[in-house]
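First up is the structure itself, then whatever we jot down about it.
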Amino acid sequence: PSPRKTTERNLEAVRRAGVRAVISRGWARLVASAAPDGVLFIGPEPHDKLFPRCAAVVHHGGAGTTHAAARAGVPQVVLPQLLDQHYWAHRVRALGLGRADVPRHGRNPEPLARALRACHGDAALIARARAFAGTMRQDGAERAAELLERISERGESAT
């Protein structure tokens, strides 16, 4: 509800965790009047290019963002807001790919700082995220097209 307060909490969590951050302004319009050292505010960027260069990804839990972070092989901190985002947060937690226990609207920066420290310092979490990325298929669109062609050739319904 408050972009300024959310930005302040995130920046304090980054400071407490002792990490650098790239923060997307996003729909929440996160922005600081002056970014502290080690923090860069950006606009929309392609996740498939950015995430593999990150040590961890903090995000809202949308299906596409969750998939991009998993494919990048980095730990995730999921702060679900609504709808299916809670499901994806649960899947990230169940698969051991990250943290999903940070309150989304809390003012206390410590839970997020703890999650960031875990993503940077938990060797098992980092290894699981990397290993999981190696199991993800890269040809989903091609396989879907092949399936639809096979169904079409047989005259079957896709439903």
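Lettering and numbering for the structure tokens are positional, with chains as A, B, ... in the shown order, residues counted from 1 in each chain, and ligands counted from 1 in the shown order.
Surrounding stretch 78-83 of chain A within 6 Å are A:Val58, A:His59, A:His60, A:Gly61, A:Ala89, A:Ala100, A:Arg104, with only C-alpha atoms counted and residues fewer than 5 positions along the same chain left out.
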Quiz item: When DSSP works through the backbone of this structure, what residues of stretch 19-139 of chain A end up as helix (DSSP H, G or I), shown as a ChimeraX atom specification?
Solution: /A:47-53,63-72,85-94,110-121,123-135
Produce a table with one row for each residue of stretch 37-132 of chain A that has an atom at most 6 Å from any atom of stretch 14-27 of chain A, each row naming the nearest atom pair and its distance in Å at one decimal; use only C-alpha atoms; arrange rows by chain and rising residue number; format as JSON lines.
```
{"residue": "A:Gly38", "atom": "CA", "partner": "A:Arg20", "partner_atom": "CA", "distance": 4.7}
{"residue": "A:Val39", "atom": "CA", "partner": "A:Ala21", "partner_atom": "CA", "distance": 4.8}
{"residue": "A:Leu40", "atom": "CA", "partner": "A:Val22", "partner_atom": "CA", "distance": 4.8}
{"residue": "A:Phe41", "atom": "CA", "partner": "A:Ile23", "partner_atom": "CA", "distance": 4.8}
{"residue": "A:Ile42", "atom": "CA", "partner": "A:Ser24", "partner_atom": "CA", "distance": 4.9}
{"residue": "A:Gly43", "atom": "CA", "partner": "A:Ser24", "partner_atom": "CA", "distance": 5.5}
{"residue": "A:Ala113", "atom": "CA", "partner": "A:Ala17", "partner_atom": "CA", "distance": 4.9}
{"residue": "A:Arg117", "atom": "CA", "partner": "A:Ala17", "partner_atom": "CA", "distance": 5.5}
```
Dump of N, CA, C and O atoms for the selected residues, as a short mmCIF file (atom, residue, chain, number, x, y, z; two decimals), in the first residue's frame:
```
data_model
loop_
_atom_site.label_atom_id
_atom_site.label_comp_id
_atom_site.auth_asym_id
_atom_site.auth_seq_id
_atom_site.Cartn_x
_atom_site.Cartn_y
_atom_site.Cartn_z
N GLY A 38 25.73 0.14 -3.50
CA GLY A 38 25.43 -1.28 -3.63
C GLY A 38 24.00 -1.58 -4.00
O GLY A 38 23.60 -2.74 -4.04
N VAL A 39 23.19 -0.55 -4.30
CA VAL A 39 21.80 -0.75 -4.69
C VAL A 39 21.56 -0.02 -6.00
O VAL A 39 21.91 1.14 -6.15
N LEU A 40 20.94 -0.73 -6.94
CA LEU A 40 20.61 -0.15 -8.24
C LEU A 40 19.13 -0.34 -8.48
O LEU A 40 18.61 -1.46 -8.39
N PHE A 41 18.43 0.75 -8.76
CA PHE A 41 17.02 0.68 -9.13
C PHE A 41 16.93 0.61 -10.65
O PHE A 41 17.61 1.37 -11.34
N ILE A 42 16.10 -0.32 -11.16
CA ILE A 42 15.97 -0.51 -12.60
C ILE A 42 14.50 -0.55 -12.99
O ILE A 42 13.62 -0.68 -12.13
N GLY A 43 14.25 -0.49 -14.26
CA GLY A 43 12.91 -0.68 -14.81
C GLY A 43 12.76 -2.12 -15.23
O GLY A 43 13.50 -2.99 -14.75
N ALA A 113 15.80 -9.66 5.80
CA ALA A 113 17.26 -9.72 5.94
C ALA A 113 17.71 -11.14 6.25
O ALA A 113 18.70 -11.62 5.68
N ARG A 117 20.16 -13.44 3.97
CA ARG A 117 21.39 -14.07 4.50
C ARG A 117 21.36 -15.57 4.24
O ARG A 117 22.38 -16.16 3.87
#
```
Which residues of stretch 33-117 of chain A have any atom within 12 Å of an atom in stretch 134-155 of chain A when counting only C-alpha atoms, and what is the closest pair of atoms for each, with the distance in Å to one decimal? Order the rows by chain and rising number and write it as a Markdown table.
```
| residue | atom | partner | partner_atom | distance |
| --- | --- | --- | --- | --- |
| A:His67 | CA | A:Met136 | CA | 9.4 |
| A:Ala68 | CA | A:Met136 | CA | 10.6 |
| A:Ala69 | CA | A:Met136 | CA | 11.5 |
| A:Ala70 | CA | A:Met136 | CA | 8.3 |
| A:Arg71 | CA | A:Met136 | CA | 6.7 |
| A:Ala72 | CA | A:Gly134 | CA | 9.3 |
| A:Gly73 | CA | A:Gly134 | CA | 7.8 |
| A:Val74 | CA | A:Gly134 | CA | 11.5 |
```
Exercise. Check chain A with DSSP on the backbone and list each residue it calls strand (DSSP E or B), as a PyMOL selection string.
Key: chain A and resi 21-24+39-42+57-59+76-78+98-99
Quiz item: How far is it from atom CA of A:Leu50 to atom CA of A:Ser2, in Å with one decimal?
Solution: 26.2 Å
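Proximity to A:Pro103 was assessed for A:Ala34, A:Thr6, A:Pro52, A:Pro75 counting only C-alpha atoms; the smallest distance is recorded for A:Thr6.
Nearest to A:Gly62 of all the residues A:Pro44, A:Val92, A:Glu8, A:Pro109 is A:Val92, counting only C-alpha atoms.
Nearest residue to A:Arg29 among A:Arg4, A:Arg114, A:Arg9, A:His90 is A:Arg4, counting only C-alpha atoms.
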